[in-house]
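For reference, the structure discussed in these notes is given below.
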Amino acid sequence: MEIRTIEFPEHGDERGTLVAIEENRDIPFEVKRVYYMYDTTKGTTRGRHAHKELKQVLICVHGSCTIMLDDGSERVDVLLDRPNVGLYVDSVLWREMHSFSPDTVLMVLASEYYAEADYIRDYSDFLTYVEEVH
Ligand code: TYD
């Protein structure tokens, strides 16, 4: 499976660091929604779903966590521990987020508004869907 990370330029000087992210330029889609999660409890796994159409970029803007991506035939763990690196998560990928450090803030840029109909929440349904679309 090809893992696509995006490194955003850091604008740093003696005052510190700033990262700017522009849709269609740094992110390969129009950003319709931003959400973020924090205060994640120890040992928690989030996600455990796939999307039919939604594309996302996940950025661990503070702390660290691991994103497991599964395309139906292969599973890959990606560590996110830098605030200027995003993980592009294409549609039709099962994802699980785990190993959150206590201070983690995981920000997600999404290509669509929240839509429950776009979710595949059952793993065997995901495998069936993968067969259908490929
Ligand atoms: P959930 O899908 O369980 O999060 P995760 O995939 O990270 O495990 O979402 C948690 C709650 O937040 C759930 O009640 C749905 C709501 N929610 C929104 O209202 N808008 C959103 O954009 C997202 C992602 C979730």
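Residue names in the structure tokens use chain letters A, B, ... in the order shown, residue numbers from 1 in each chain, and ligand numbers from 1 in the order shown.
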request  = Please return as a PyMOL selection string: the residues of range 93-124 of chain A that backbone DSSP assigns to helix (DSSP H, G or I).
outcome  = chain A and resi 116-118+123-124
message = What's around range 55-67 of chain A at 6 Å? Count only C-alpha atoms, leave out sequence neighbours fewer than 5 positions away in its own chain, and write the answer as number ranges by chain.
response = A: 77-81, 83, 86-91, 96-101, 103-111
key: Selected residue, from A:Arg33, A:His11, A:Lys52, A:Arg46, that lies nearest to ligand 1 when counting only C-alpha atoms and all ligand atoms   =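 Smallest separation from ligand 1 among the options: A:Arg46.
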task = Determine, counting only C-alpha atoms, which protein, DNA and RNA residues have an atom within 10 Å of an atom of Ile120 in chain A; residues of the same chain fewer than 5 positions away are not included. Present the result as a PyMOL selection string.
result = chain A and resi 48-52+92-94+125-127+129
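Coordinates place CA of Arg95 in chain A at a distance of 19.0 Å from CA of Glu132 in chain A.
Here CA of Val34 in chain A stands at a distance of 24.3 Å from CA of Asp122 in chain A.
The spacing separating CA of Phe29 in chain A from CA of Val76 in chain A amounts to 23.3 Å.
Checking A:Ile3, A:Leu54, A:Val85, A:Met37 one by one against Asp71 in chain A, counting only C-alpha atoms, you find the shortest gap at A:Ile3.
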query = Hey, what's within 12 Å of Leu18 in chain A if we count only C-alpha atoms and toss same-chain stuff fewer than 2 positions away? As a PyMOL selection string, please?
reply = chain A and resi 8-16+20-21+61+83-84
Residue with smallest distance to ligand 1 - pool A:Thr40, A:Pro102, A:Asp70, A:Met1, counting only C-alpha atoms and all ligand atoms =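 Residue with the minimum atom-to-atom distance to ligand 1: A:Thr40.
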Residue nearest ligand 1 - candidates A:Val19, A:Glu74, A:Gly47, A:Val31, atoms counted: only C-alpha atoms and all ligand atoms = A:Gly47
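With only C-alpha atoms and all ligand atoms as the basis for measurement, A:Tyr35 is the residue among A:Val133, A:Gly72, A:Arg121, A:Tyr35 that approaches ligand 1 most closely.
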task = Within chain A, find each residue whose DSSP state, derived from the backbone, is strand (DSSP E or B), and express the selection as a ChimeraX atom specification.
result = /A:4-7,10-13,16-19,23,27,33-37,46-51,56-62,65-70,75-80,85-89,94-98,105-110,119-120
